[in-house]
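*Asks:* Structure file start.tsv (TSV, N, CA and C atoms and all ligand atoms) right here:
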chain	number	residue	atom	x	y	z
B	61	MET	N	124.87	114.27	92.32
B	61	MET	CA	125.53	113.62	93.45
B	61	MET	C	126.75	112.86	92.94
B	62	ALA	N	127.89	113.02	93.61
B	62	ALA	CA	129.10	112.33	93.20
B	62	ALA	C	128.98	110.85	93.54
B	63	ALA	N	129.58	110.02	92.69
B	63	ALA	CA	129.57	108.58	92.95
B	63	ALA	C	130.37	108.30	94.21
B	64	PRO	N	129.87	107.37	95.03
B	64	PRO	CA	130.62	107.04	96.24
B	64	PRO	C	131.93	106.36	95.89
B	65	THR	N	132.92	106.53	96.72
B	65	THR	CA	134.22	105.91	96.49
B	65	THR	C	134.49	104.89	97.58
B	66	ALA	N	135.42	103.99	97.32
B	66	ALA	CA	135.73	102.94	98.29
B	66	ALA	C	137.23	102.89	98.53
B	67	SER	N	137.60	102.74	99.78
B	67	SER	CA	139.01	102.50	100.07
B	67	SER	C	139.24	101.05	100.48
B	68	GLN	N	138.12	100.32	100.71
B	68	GLN	CA	138.21	98.93	101.16
B	68	GLN	C	136.98	98.19	100.65
B	69	TRP	N	137.19	97.03	100.03
B	69	TRP	CA	136.07	96.22	99.56
B	69	TRP	C	135.84	95.07	100.52
B	70	ILE	N	134.59	94.90	100.97
B	70	ILE	CA	134.25	93.89	101.95
B	70	ILE	C	133.30	92.88	101.31
B	71	ASP	N	133.61	91.60	101.45
B	71	ASP	CA	132.76	90.53	100.94
B	71	ASP	C	131.54	90.44	101.87
B	72	ALA	N	130.36	90.78	101.34
B	72	ALA	CA	129.18	90.90	102.20
B	72	ALA	C	128.30	89.65	102.20
B	73	CYS	N	128.09	89.06	101.03
B	73	CYS	CA	127.16	87.91	100.98
B	73	CYS	C	127.21	87.28	99.59
B	74	ASP	N	126.52	86.16	99.46
B	74	ASP	CA	126.32	85.54	98.16
B	74	ASP	C	125.23	86.34	97.42
B	75	ARG	N	125.33	86.45	96.13
B	75	ARG	CA	124.33	87.26	95.40
B	75	ARG	C	122.93	86.69	95.57
B	76	ASP	N	122.81	85.39	95.79
B	76	ASP	CA	121.49	84.80	95.96
B	76	ASP	C	120.94	84.95	97.38
B	77	ASP	N	121.75	85.52	98.29
B	77	ASP	CA	121.24	85.79	99.64
B	77	ASP	C	120.22	86.92	99.64
B	78	ILE	N	120.20	87.71	98.56
B	78	ILE	CA	119.24	88.81	98.46
B	78	ILE	C	118.29	88.50	97.32
B	79	ASP	N	117.02	88.40	97.63
B	79	ASP	CA	116.03	88.21	96.58
B	79	ASP	C	115.86	89.49	95.77
B	80	GLU	N	115.35	89.36	94.55
B	80	GLU	CA	115.04	90.55	93.78
B	80	GLU	C	113.99	91.37	94.51
B	81	GLU	N	114.18	92.70	94.47
B	81	GLU	CA	113.27	93.64	95.14
B	81	GLU	C	113.22	93.36	96.65
B	82	ASP	N	114.44	93.18	97.23
B	82	ASP	CA	114.51	92.91	98.66
B	82	ASP	C	115.75	93.59	99.24
B	83	VAL	N	115.87	93.52	100.57
B	83	VAL	CA	116.96	94.16	101.30
B	83	VAL	C	117.40	93.23	102.43
B	84	ILE	N	118.70	93.23	102.72
B	84	ILE	CA	119.20	92.50	103.88
B	84	ILE	C	120.11	93.42	104.69
B	85	ARG	N	120.30	93.05	105.94
B	85	ARG	CA	121.21	93.78	106.82
B	85	ARG	C	122.60	93.17	106.73
B	86	PHE	N	123.63	94.02	106.76
B	86	PHE	CA	125.00	93.55	106.79
B	86	PHE	C	125.77	94.38	107.82
B	87	ASP	N	126.36	93.71	108.80
B	87	ASP	CA	127.13	94.39	109.84
B	87	ASP	C	128.61	94.14	109.63
B	88	HIS	N	129.40	95.18	109.79
B	88	HIS	CA	130.85	95.03	109.64
B	88	HIS	C	131.57	96.07	110.50
B	89	ASP	N	132.46	95.59	111.36
B	89	ASP	CA	133.34	96.47	112.12
B	89	ASP	C	132.56	97.56	112.87
B	90	GLY	N	131.45	97.14	113.49
B	90	GLY	CA	130.66	98.08	114.28
B	90	GLY	C	129.73	98.96	113.48
B	91	ARG	N	129.67	98.75	112.18
B	91	ARG	CA	128.78	99.55	111.33
B	91	ARG	C	127.70	98.65	110.75
B	92	THR	N	126.56	99.25	110.46
B	92	THR	CA	125.43	98.51	109.89
B	92	THR	C	125.08	99.09	108.53
B	93	PHE	N	124.94	98.18	107.58
B	93	PHE	CA	124.61	98.57	106.21
B	93	PHE	C	123.33	97.87	105.76
B	94	ALA	N	122.72	98.38	104.75
B	94	ALA	CA	121.59	97.70	104.09
B	94	ALA	C	121.99	97.44	102.65
B	95	LEU	N	121.78	96.20	102.22
B	95	LEU	CA	122.11	95.80	100.84
B	95	LEU	C	120.83	95.48	100.10
B	96	TYR	N	120.70	96.01	98.90
B	96	TYR	CA	119.46	95.91	98.13
B	96	TYR	C	119.72	95.22	96.79
B	97	ARG	N	118.70	94.52	96.33
B	97	ARG	CA	118.71	93.99	94.96
B	97	ARG	C	117.46	94.53	94.28
B	98	SER	N	117.66	95.25	93.22
B	98	SER	CA	116.55	95.94	92.57
B	98	SER	C	115.76	94.98	91.68
B	99	PRO	N	114.58	95.40	91.23
B	99	PRO	CA	113.78	94.54	90.35
B	99	PRO	C	114.50	94.19	89.05
B	100	ASP	N	115.45	95.03	88.62
B	100	ASP	CA	116.19	94.72	87.39
B	100	ASP	C	117.56	94.11	87.70
B	101	ASP	N	117.69	93.50	88.91
B	101	ASP	CA	118.84	92.68	89.27
B	101	ASP	C	120.14	93.48	89.42
B	102	ALA	N	120.04	94.70	89.91
B	102	ALA	CA	121.23	95.47	90.26
B	102	ALA	C	121.32	95.53	91.79
B	103	TYR	N	122.53	95.74	92.29
B	103	TYR	CA	122.77	95.73	93.74
B	103	TYR	C	123.20	97.12	94.21
B	104	PHE	N	122.73	97.49	95.41
B	104	PHE	CA	123.02	98.80	95.98
B	104	PHE	C	123.24	98.64	97.48
B	105	ALA	N	123.92	99.64	98.07
B	105	ALA	CA	124.14	99.62	99.52
B	105	ALA	C	123.98	101.03	100.08
B	106	THR	N	123.39	101.09	101.28
B	106	THR	CA	123.27	102.34	102.02
B	106	THR	C	123.64	102.07	103.48
B	107	ASP	N	123.72	103.14	104.26
B	107	ASP	CA	123.76	102.95	105.70
B	107	ASP	C	122.53	102.15	106.09
B	108	GLY	N	122.66	101.34	107.17
B	108	GLY	CA	121.59	100.43	107.51
B	108	GLY	C	120.53	100.99	108.43
B	109	LEU	N	120.77	102.19	108.98
B	109	LEU	CA	119.83	102.75	109.93
B	109	LEU	C	119.13	103.96	109.34
B	110	CYS	N	117.84	104.04	109.56
B	110	CYS	CA	117.06	105.19	109.11
B	110	CYS	C	117.61	106.47	109.74
B	111	THR	N	117.63	107.54	108.97
B	111	THR	CA	118.14	108.81	109.48
B	111	THR	C	117.14	109.52	110.38
B	112	HIS	N	115.94	108.98	110.51
B	112	HIS	CA	114.94	109.60	111.38
B	112	HIS	C	115.13	109.17	112.83
B	113	GLU	N	115.02	107.86	113.10
B	113	GLU	CA	115.18	107.39	114.48
B	113	GLU	C	116.01	106.10	114.57
B	114	LYS	N	116.92	105.92	113.64
B	114	LYS	CA	117.91	104.83	113.72
B	114	LYS	C	117.31	103.43	113.76
B	115	VAL	N	116.25	103.21	113.03
B	115	VAL	CA	115.64	101.88	112.91
B	115	VAL	C	116.32	101.14	111.76
B	116	HIS	N	116.44	99.82	111.88
B	116	HIS	CA	117.08	99.03	110.83
B	116	HIS	C	116.22	99.02	109.55
B	117	LEU	N	116.78	99.51	108.49
B	117	LEU	CA	116.04	99.56	107.23
B	117	LEU	C	115.84	98.18	106.62
B	118	ALA	N	116.68	97.21	107.00
B	118	ALA	CA	116.51	95.86	106.46
B	118	ALA	C	115.20	95.23	106.92
B	119	ASP	N	114.56	95.81	107.94
B	119	ASP	CA	113.25	95.33	108.38
B	119	ASP	C	112.13	96.03	107.59
B	120	GLY	N	112.51	96.89	106.67
B	120	GLY	CA	111.52	97.65	105.90
B	120	GLY	C	111.10	96.94	104.63
B	121	LEU	N	110.42	97.68	103.81
B	121	LEU	CA	109.81	97.13	102.61
B	121	LEU	C	110.42	97.78	101.37
B	122	VAL	N	110.85	96.95	100.42
B	122	VAL	CA	111.37	97.46	99.15
B	122	VAL	C	110.26	97.47	98.11
B	123	MET	N	110.11	98.63	97.47
B	123	MET	CA	109.12	98.78	96.39
B	123	MET	C	109.82	99.49	95.24
B	124	ASP	N	110.01	98.79	94.15
B	124	ASP	CA	110.80	99.34	93.04
B	124	ASP	C	112.16	99.77	93.56
B	125	ASN	N	112.49	101.05	93.50
B	125	ASN	CA	113.79	101.53	93.96
B	125	ASN	C	113.69	102.32	95.26
B	126	ILE	N	112.66	102.04	96.03
B	126	ILE	CA	112.39	102.73	97.29
B	126	ILE	C	112.49	101.73	98.44
B	127	ILE	N	113.13	102.18	99.56
B	127	ILE	CA	113.05	101.44	100.81
B	127	ILE	C	112.13	102.24	101.74
B	128	GLU	N	111.14	101.54	102.29
B	128	GLU	CA	110.22	102.18	103.23
B	128	GLU	C	110.58	101.72	104.63
B	129	CYS	N	110.86	102.66	105.51
B	129	CYS	CA	111.25	102.37	106.88
B	129	CYS	C	110.07	101.71	107.62
B	130	PRO	N	110.39	100.68	108.45
B	130	PRO	CA	109.29	99.97	109.11
B	130	PRO	C	108.65	100.75	110.25
B	131	LYS	N	109.30	101.82	110.74
B	131	LYS	CA	108.74	102.48	111.94
B	131	LYS	C	107.70	103.55	111.62
B	132	HIS	N	108.09	104.52	110.77
B	132	HIS	CA	107.13	105.61	110.46
B	132	HIS	C	106.89	105.73	108.96
B	133	ASN	N	107.29	104.70	108.23
B	133	ASN	CA	107.04	104.64	106.79
B	133	ASN	C	107.74	105.74	105.99
B	134	GLY	N	108.84	106.28	106.55
B	134	GLY	CA	109.66	107.19	105.76
B	134	GLY	C	110.26	106.44	104.58
B	135	ARG	N	110.52	107.17	103.51
B	135	ARG	CA	111.01	106.51	102.29
B	135	ARG	C	112.30	107.15	101.79
B	136	PHE	N	113.15	106.28	101.22
B	136	PHE	CA	114.39	106.72	100.58
B	136	PHE	C	114.50	106.03	99.23
B	137	ASP	N	115.13	106.72	98.29
B	137	ASP	CA	115.57	106.06	97.05
B	137	ASP	C	116.90	105.39	97.38
B	138	TYR	N	116.95	104.07	97.40
B	138	TYR	CA	118.18	103.39	97.84
B	138	TYR	C	119.30	103.47	96.81
B	139	ARG	N	118.98	103.92	95.58
B	139	ARG	CA	120.05	104.08	94.59
B	139	ARG	C	120.89	105.32	94.88
B	140	THR	N	120.24	106.36	95.39
B	140	THR	CA	120.91	107.63	95.63
B	140	THR	C	120.98	107.99	97.10
B	141	GLY	N	120.18	107.33	97.95
B	141	GLY	CA	120.09	107.67	99.36
B	141	GLY	C	119.15	108.82	99.65
B	142	GLU	N	118.53	109.37	98.60
B	142	GLU	CA	117.71	110.57	98.77
B	142	GLU	C	116.46	110.30	99.60
B	143	ALA	N	116.25	111.14	100.63
B	143	ALA	CA	115.01	111.09	101.41
B	143	ALA	C	113.86	111.54	100.52
B	144	LYS	N	112.76	110.79	100.58
B	144	LYS	CA	111.65	111.04	99.64
B	144	LYS	C	110.40	111.59	100.33
B	145	GLY	N	110.57	112.19	101.50
B	145	GLY	CA	109.42	112.83	102.12
B	145	GLY	C	109.32	112.56	103.60
B	146	ALA	N	108.52	113.36	104.29
B	146	ALA	CA	108.37	113.28	105.74
B	146	ALA	C	107.96	111.88	106.17
B	147	PRO	N	108.42	111.44	107.36
B	147	PRO	CA	109.20	112.21	108.34
B	147	PRO	C	110.71	112.20	108.11
B	148	VAL	N	111.20	111.57	107.08
B	148	VAL	CA	112.65	111.60	106.86
B	148	VAL	C	113.02	112.82	106.03
B	149	CYS	N	114.09	113.49	106.44
B	149	CYS	CA	114.55	114.66	105.70
B	149	CYS	C	116.06	114.64	105.48
B	150	VAL	N	116.76	113.69	106.11
B	150	VAL	CA	118.21	113.56	105.93
B	150	VAL	C	118.48	112.35	105.05
B	151	ASN	N	119.25	112.55	104.00
B	151	ASN	CA	119.55	111.47	103.07
B	151	ASN	C	120.37	110.37	103.72
B	152	LEU	N	120.28	109.17	103.18
B	152	LEU	CA	121.14	108.06	103.56
B	152	LEU	C	122.46	108.17	102.80
B	153	ARG	N	123.52	107.70	103.42
B	153	ARG	CA	124.78	107.59	102.72
B	153	ARG	C	124.76	106.32	101.86
B	154	THR	N	125.31	106.40	100.67
B	154	THR	CA	125.36	105.23	99.79
B	154	THR	C	126.80	104.76	99.64
B	155	TYR	N	126.94	103.51	99.21
B	155	TYR	CA	128.26	102.89	99.07
B	155	TYR	C	128.31	102.13	97.74
B	156	PRO	N	129.47	102.08	97.12
B	156	PRO	CA	129.58	101.31	95.88
B	156	PRO	C	129.45	99.81	96.15
B	157	VAL	N	128.90	99.12	95.18
B	157	VAL	CA	128.72	97.67	95.27
B	157	VAL	C	129.21	97.04	93.98
B	158	LYS	N	129.87	95.89	94.09
B	158	LYS	CA	130.25	95.13	92.90
B	158	LYS	C	129.92	93.66	93.14
B	159	VAL	N	129.66	92.95	92.06
B	159	VAL	CA	129.39	91.52	92.14
B	159	VAL	C	130.49	90.81	91.36
B	160	GLU	N	131.20	89.92	92.05
B	160	GLU	CA	132.28	89.15	91.41
B	160	GLU	C	132.18	87.71	91.85
B	161	ASP	N	132.21	86.81	90.88
B	161	ASP	CA	132.16	85.37	91.17
B	161	ASP	C	131.00	85.00	92.08
B	162	GLY	N	129.87	85.65	91.87
B	162	GLY	CA	128.67	85.32	92.64
B	162	GLY	C	128.61	85.93	94.02
B	163	ARG	N	129.62	86.72	94.37
B	163	ARG	CA	129.64	87.37	95.69
B	163	ARG	C	129.36	88.86	95.55
B	164	VAL	N	128.70	89.42	96.56
B	164	VAL	CA	128.40	90.85	96.58
B	164	VAL	C	129.40	91.53	97.51
B	165	TRP	N	130.08	92.54	96.99
B	165	TRP	CA	131.10	93.28	97.75
B	165	TRP	C	130.61	94.71	97.94
B	166	ILE	N	130.86	95.23	99.14
B	166	ILE	CA	130.51	96.61	99.42
B	166	ILE	C	131.81	97.40	99.65
B	167	GLY	N	131.86	98.56	99.06
B	167	GLY	CA	133.04	99.41	99.20
B	167	GLY	C	132.84	100.42	100.31
B	168	ILE	N	133.70	100.38	101.30
B	168	ILE	CA	133.56	101.32	102.41
B	168	ILE	C	134.85	102.10	102.59
B	169	ASP	N	134.78	103.15	103.38
B	169	ASP	CA	135.99	103.96	103.63
B	169	ASP	C	136.43	103.81	105.07
B	201	LIG	S1	112.48	105.75	112.11
B	201	LIG	FE1	112.42	105.63	109.96
B	201	LIG	S2	110.81	106.96	109.40
B	201	LIG	FE2	110.95	107.15	111.56
Take the structure in the file and write it out as C-alpha cells.

*Replies:*
Amino acid sequence: MAAPTASQWIDACDRDDIDEEDVIRFDHDGRTFALYRSPDDAYFATDGLCTHEKVHLADGLVMDNIIECPKHNGRFDYRTGEAKGAPVCVNLRTYPVKVEDGRVWIGID
C-alpha cells in the first residue's frame, strides 16, 4: 500500500488529548476522522466512519493496532486501514500524521 500523501496539514489536537491505545473523533470541514495513539506511542489517522454502516469509530474499542467498530464489532488495522474480517470488507482510508511541539497534525487532501 502506498503511503498516504497530504496537501494540507490540519492541527487536530494536543498529543495528550489521546491516551495510549485509544481513539478520538476529529471533525474538519464537513469530514470526520478518527485519530489513534498506539500502545507504542505512535499516532495514526483514518476516516472516522465505519465502511459498513457509517458508525463513528471513535466510539469503538482500540486493541493493540486494531479498532473494533461499536455497532457490529467489525475490525480494521488502523495503521493501514485494512478491513480484518466480516462484516467489514471495505478498507478505511488512512491519512499521514505528524507530531510537532506537542500537537498532532493530520494531513488531508
Ligand atoms: S457499522 Fe461497523 S461493523 Fe457494522

*Asks:* For the interface of chain B with ligand LIG 201 (chain B) (cut-off 6.5 Å, counting all atoms listed in the file), please tabulate each contacting residue of chain B alongside its nearest pair of atoms and their separation in Å to one decimal, rows sorted by chain and increasing number, as JSON lines.

*Replies:*
{"residue": "B:Cys110", "atom": "CA", "partner": "B:LIG201", "partner_atom": "FE1", "distance": 4.7}
{"residue": "B:Thr111", "atom": "N", "partner": "B:LIG201", "partner_atom": "FE1", "distance": 5.6}
{"residue": "B:His112", "atom": "C", "partner": "B:LIG201", "partner_atom": "S1", "distance": 4.4}
{"residue": "B:Glu113", "atom": "N", "partner": "B:LIG201", "partner_atom": "S1", "distance": 3.4}
{"residue": "B:Lys114", "atom": "N", "partner": "B:LIG201", "partner_atom": "S1", "distance": 4.7}
{"residue": "B:Val115", "atom": "N", "partner": "B:LIG201", "partner_atom": "S1", "distance": 4.6}
{"residue": "B:Cys129", "atom": "CA", "partner": "B:LIG201", "partner_atom": "FE1", "distance": 4.6}
{"residue": "B:Pro130", "atom": "N", "partner": "B:LIG201", "partner_atom": "FE1", "distance": 5.6}
{"residue": "B:Lys131", "atom": "C", "partner": "B:LIG201", "partner_atom": "FE2", "distance": 4.9}
{"residue": "B:His132", "atom": "N", "partner": "B:LIG201", "partner_atom": "S2", "distance": 3.9}
{"residue": "B:Asn133", "atom": "N", "partner": "B:LIG201", "partner_atom": "S2", "distance": 4.3}
{"residue": "B:Gly134", "atom": "N", "partner": "B:LIG201", "partner_atom": "S2", "distance": 3.5}
{"residue": "B:Arg135", "atom": "N", "partner": "B:LIG201", "partner_atom": "S2", "distance": 5.9}
{"residue": "B:Pro147", "atom": "C", "partner": "B:LIG201", "partner_atom": "S2", "distance": 5.4}
{"residue": "B:Val148", "atom": "N", "partner": "B:LIG201", "partner_atom": "S2", "distance": 5.2}

*Asks:* Between atom C of B:Lys158 and atom C of B:Glu81, what is the spacing in Å?

*Replies:*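 Atom C of B:Lys158 lies 17.1 Å from atom C of B:Glu81.
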
*Asks:* For atom C of B:Trp69 and atom CA of B:Ala102, quote the distance in Å rounded to one decimal.

*Replies:*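 These two atoms are separated by 17.9 Å.
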
*Asks:* Would you kindly return, as a compact mmCIF listing (two decimals) with N, CA and C atoms, keeping the file's coordinate frame, each protein, DNA or RNA residue with an atom no farther than 7 Å from any atom of B:Leu121, considering all atoms listed in the file and excluding same-chain residues fewer than 4 positions away?

*Replies:*
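Saved to part35.txt:
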# COMPACT_ATOMS: atom_id res chain seq x y z
N ASP B 82 114.44 93.18 97.23
CA ASP B 82 114.51 92.91 98.66
C ASP B 82 115.75 93.59 99.24
N VAL B 83 115.87 93.52 100.57
CA VAL B 83 116.96 94.16 101.30
C VAL B 83 117.40 93.23 102.43
N LEU B 117 116.78 99.51 108.49
CA LEU B 117 116.04 99.56 107.23
C LEU B 117 115.84 98.18 106.62
N ILE B 126 112.66 102.04 96.03
CA ILE B 126 112.39 102.73 97.29
C ILE B 126 112.49 101.73 98.44
N ILE B 127 113.13 102.18 99.56
CA ILE B 127 113.05 101.44 100.81
C ILE B 127 112.13 102.24 101.74
N GLU B 128 111.14 101.54 102.29
CA GLU B 128 110.22 102.18 103.23
C GLU B 128 110.58 101.72 104.63
N CYS B 129 110.86 102.66 105.51
CA CYS B 129 111.25 102.37 106.88
C CYS B 129 110.07 101.71 107.62
N PRO B 130 110.39 100.68 108.45
CA PRO B 130 109.29 99.97 109.11
C PRO B 130 108.65 100.75 110.25

*Asks:* Quote the spacing between atom CA of B:Thr154 and atom N of B:Asp77 in Å to one decimal place.

*Replies:*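 Separating atom CA of B:Thr154 from atom N of B:Asp77 is a distance of 20.1 Å.
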
*Asks:* Restricting the calculation to all atoms listed in the file, which member of B:Phe136, B:Ala118, B:Arg163, B:Tyr96 is positioned closest to B:Glu80?

*Replies:*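 Closest residue, counting all atoms listed in the file: B:Tyr96.
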
*Asks:* Name the closest residue to B:Arg97 among the candidates B:Ala143, B:Val157, B:Ile70, B:Ile168; distances are taken between atoms, counting only C-alpha atoms.

*Replies:* B:Val157

*Asks:* Run DSSP on the backbone of this structure and report the residues of stretch 62-138 of chain B it assigns to strand (DSSP E or B), as a compact mmCIF listing (two decimals) with N, CA and C atoms, keeping the file's coordinate frame.

*Replies:*
# COMPACT_ATOMS: atom_id res chain seq x y z
N GLN B 68 138.12 100.32 100.71
CA GLN B 68 138.21 98.93 101.16
C GLN B 68 136.98 98.19 100.65
N TRP B 69 137.19 97.03 100.03
CA TRP B 69 136.07 96.22 99.56
C TRP B 69 135.84 95.07 100.52
N ILE B 70 134.59 94.90 100.97
CA ILE B 70 134.25 93.89 101.95
C ILE B 70 133.30 92.88 101.31
N ASP B 71 133.61 91.60 101.45
CA ASP B 71 132.76 90.53 100.94
C ASP B 71 131.54 90.44 101.87
N ALA B 72 130.36 90.78 101.34
CA ALA B 72 129.18 90.90 102.20
C ALA B 72 128.30 89.65 102.20
N CYS B 73 128.09 89.06 101.03
CA CYS B 73 127.16 87.91 100.98
C CYS B 73 127.21 87.28 99.59
N ASP B 74 126.52 86.16 99.46
CA ASP B 74 126.32 85.54 98.16
C ASP B 74 125.23 86.34 97.42
N ASP B 82 114.44 93.18 97.23
CA ASP B 82 114.51 92.91 98.66
C ASP B 82 115.75 93.59 99.24
N VAL B 83 115.87 93.52 100.57
CA VAL B 83 116.96 94.16 101.30
C VAL B 83 117.40 93.23 102.43
N ILE B 84 118.70 93.23 102.72
CA ILE B 84 119.20 92.50 103.88
C ILE B 84 120.11 93.42 104.69
N ARG B 85 120.30 93.05 105.94
CA ARG B 85 121.21 93.78 106.82
C ARG B 85 122.60 93.17 106.73
N PHE B 86 123.63 94.02 106.76
CA PHE B 86 125.00 93.55 106.79
C PHE B 86 125.77 94.38 107.82
N ASP B 87 126.36 93.71 108.80
CA ASP B 87 127.13 94.39 109.84
C ASP B 87 128.61 94.14 109.63
N HIS B 88 129.40 95.18 109.79
CA HIS B 88 130.85 95.03 109.64
C HIS B 88 131.57 96.07 110.50
N ARG B 91 129.67 98.75 112.18
CA ARG B 91 128.78 99.55 111.33
C ARG B 91 127.70 98.65 110.75
N THR B 92 126.56 99.25 110.46
CA THR B 92 125.43 98.51 109.89
C THR B 92 125.08 99.09 108.53
N PHE B 93 124.94 98.18 107.58
CA PHE B 93 124.61 98.57 106.21
C PHE B 93 123.33 97.87 105.76
N ALA B 94 122.72 98.38 104.75
CA ALA B 94 121.59 97.70 104.09
C ALA B 94 121.99 97.44 102.65
N LEU B 95 121.78 96.20 102.22
CA LEU B 95 122.11 95.80 100.84
C LEU B 95 120.83 95.48 100.10
N TYR B 96 120.70 96.01 98.90
CA TYR B 96 119.46 95.91 98.13
C TYR B 96 119.72 95.22 96.79
N ARG B 97 118.70 94.52 96.33
CA ARG B 97 118.71 93.99 94.96
C ARG B 97 117.46 94.53 94.28
N TYR B 103 122.53 95.74 92.29
CA TYR B 103 122.77 95.73 93.74
C TYR B 103 123.20 97.12 94.21
N PHE B 104 122.73 97.49 95.41
CA PHE B 104 123.02 98.80 95.98
C PHE B 104 123.24 98.64 97.48
N ALA B 105 123.92 99.64 98.07
CA ALA B 105 124.14 99.62 99.52
C ALA B 105 123.98 101.03 100.08
N THR B 106 123.39 101.09 101.28
CA THR B 106 123.27 102.34 102.02
C THR B 106 123.64 102.07 103.48
N ASP B 107 123.72 103.14 104.26
CA ASP B 107 123.76 102.95 105.70
C ASP B 107 122.53 102.15 106.09
N LEU B 109 120.77 102.19 108.98
CA LEU B 109 119.83 102.75 109.93
C LEU B 109 119.13 103.96 109.34
N HIS B 116 116.44 99.82 111.88
CA HIS B 116 117.08 99.03 110.83
C HIS B 116 116.22 99.02 109.55
N LEU B 121 110.42 97.68 103.81
CA LEU B 121 109.81 97.13 102.61
C LEU B 121 110.42 97.78 101.37
N VAL B 122 110.85 96.95 100.42
CA VAL B 122 111.37 97.46 99.15
C VAL B 122 110.26 97.47 98.11
N MET B 123 110.11 98.63 97.47
CA MET B 123 109.12 98.78 96.39
C MET B 123 109.82 99.49 95.24
N ILE B 126 112.66 102.04 96.03
CA ILE B 126 112.39 102.73 97.29
C ILE B 126 112.49 101.73 98.44
N ILE B 127 113.13 102.18 99.56
CA ILE B 127 113.05 101.44 100.81
C ILE B 127 112.13 102.24 101.74
N GLU B 128 111.14 101.54 102.29
CA GLU B 128 110.22 102.18 103.23
C GLU B 128 110.58 101.72 104.63
N ARG B 135 110.52 107.17 103.51
CA ARG B 135 111.01 106.51 102.29
C ARG B 135 112.30 107.15 101.79
N PHE B 136 113.15 106.28 101.22
CA PHE B 136 114.39 106.72 100.58
C PHE B 136 114.50 106.03 99.23
N ASP B 137 115.13 106.72 98.29
CA ASP B 137 115.57 106.06 97.05
C ASP B 137 116.90 105.39 97.38

*Asks:* Which residues are close to B:Glu160, i.e. within 12 Å by only C-alpha atoms, leaving aside same-chain residues fewer than 4 positions away? Reply as a ChimeraX atom specification.

*Replies:* /B:69-75,103,164-166

*Asks:* The selected residues should be written to file as a compact mmCIF listing (two decimals), in the frame of the given file (atoms: N, CA and C atoms).

*Replies:*
# COMPACT_ATOMS: atom_id res chain seq x y z
N TRP B 69 137.19 97.03 100.03
CA TRP B 69 136.07 96.22 99.56
C TRP B 69 135.84 95.07 100.52
N ILE B 70 134.59 94.90 100.97
CA ILE B 70 134.25 93.89 101.95
C ILE B 70 133.30 92.88 101.31
N ASP B 71 133.61 91.60 101.45
CA ASP B 71 132.76 90.53 100.94
C ASP B 71 131.54 90.44 101.87
N ALA B 72 130.36 90.78 101.34
CA ALA B 72 129.18 90.90 102.20
C ALA B 72 128.30 89.65 102.20
N CYS B 73 128.09 89.06 101.03
CA CYS B 73 127.16 87.91 100.98
C CYS B 73 127.21 87.28 99.59
N ASP B 74 126.52 86.16 99.46
CA ASP B 74 126.32 85.54 98.16
C ASP B 74 125.23 86.34 97.42
N ARG B 75 125.33 86.45 96.13
CA ARG B 75 124.33 87.26 95.40
C ARG B 75 122.93 86.69 95.57
N TYR B 103 122.53 95.74 92.29
CA TYR B 103 122.77 95.73 93.74
C TYR B 103 123.20 97.12 94.21
N VAL B 164 128.70 89.42 96.56
CA VAL B 164 128.40 90.85 96.58
C VAL B 164 129.40 91.53 97.51
N TRP B 165 130.08 92.54 96.99
CA TRP B 165 131.10 93.28 97.75
C TRP B 165 130.61 94.71 97.94
N ILE B 166 130.86 95.23 99.14
CA ILE B 166 130.51 96.61 99.42
C ILE B 166 131.81 97.40 99.65

*Asks:* Using the file's own x, y and z axes, what box holds all listed atoms of stretch 144-149 of chain B with 3 Å on each side, keeping edges along x, y and z, and what are its centre and edge lengths in Å to one decimal, as AutoDock Vina command-line options?

*Replies:*
--center_x 112.0 --center_y 112.7 --center_z 104.0 --size_x 14.1 --size_y 9.9 --size_z 14.7

*Asks:* Counting only N, CA and C atoms, figure out which residue out of B:Gly145, B:Asp100, B:Asn125, B:Gly108 gets nearest to B:Phe86.

*Replies:*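 Of all the options, B:Gly108 lies closest to B:Phe86.
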
*Asks:* Ranking B:Gly167, B:Glu142, B:Gly162, B:Ser98 by minimum distance to B:Val122 and counting only C-alpha atoms, which one comes first?

*Replies:*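 Of all the options, B:Ser98 lies closest to B:Val122.
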
*Asks:* Which residue out of B:Thr106, B:His116, B:Asp76, B:Met123 has the minimum interatomic distance to B:Thr140 when all atoms listed in the file are used?

*Replies:* B:Thr106

*Asks:* From the set B:Arg85, B:Ile78, B:Thr92, B:Ala66, which residue has the shortest atom-to-atom contact distance to B:Asp119, counting only N, CA and C atoms?

*Replies:* B:Arg85

*Asks:* Give me the residues near B:Ala105 as a list in words, where near means some atom within 6 Å (using only C-alpha atoms) and where sequence neighbours in that chain fewer than 4 positions away do not count.

*Replies:*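 The filter keeps Ala94, Leu95, Thr154 and Tyr155 of chain B.
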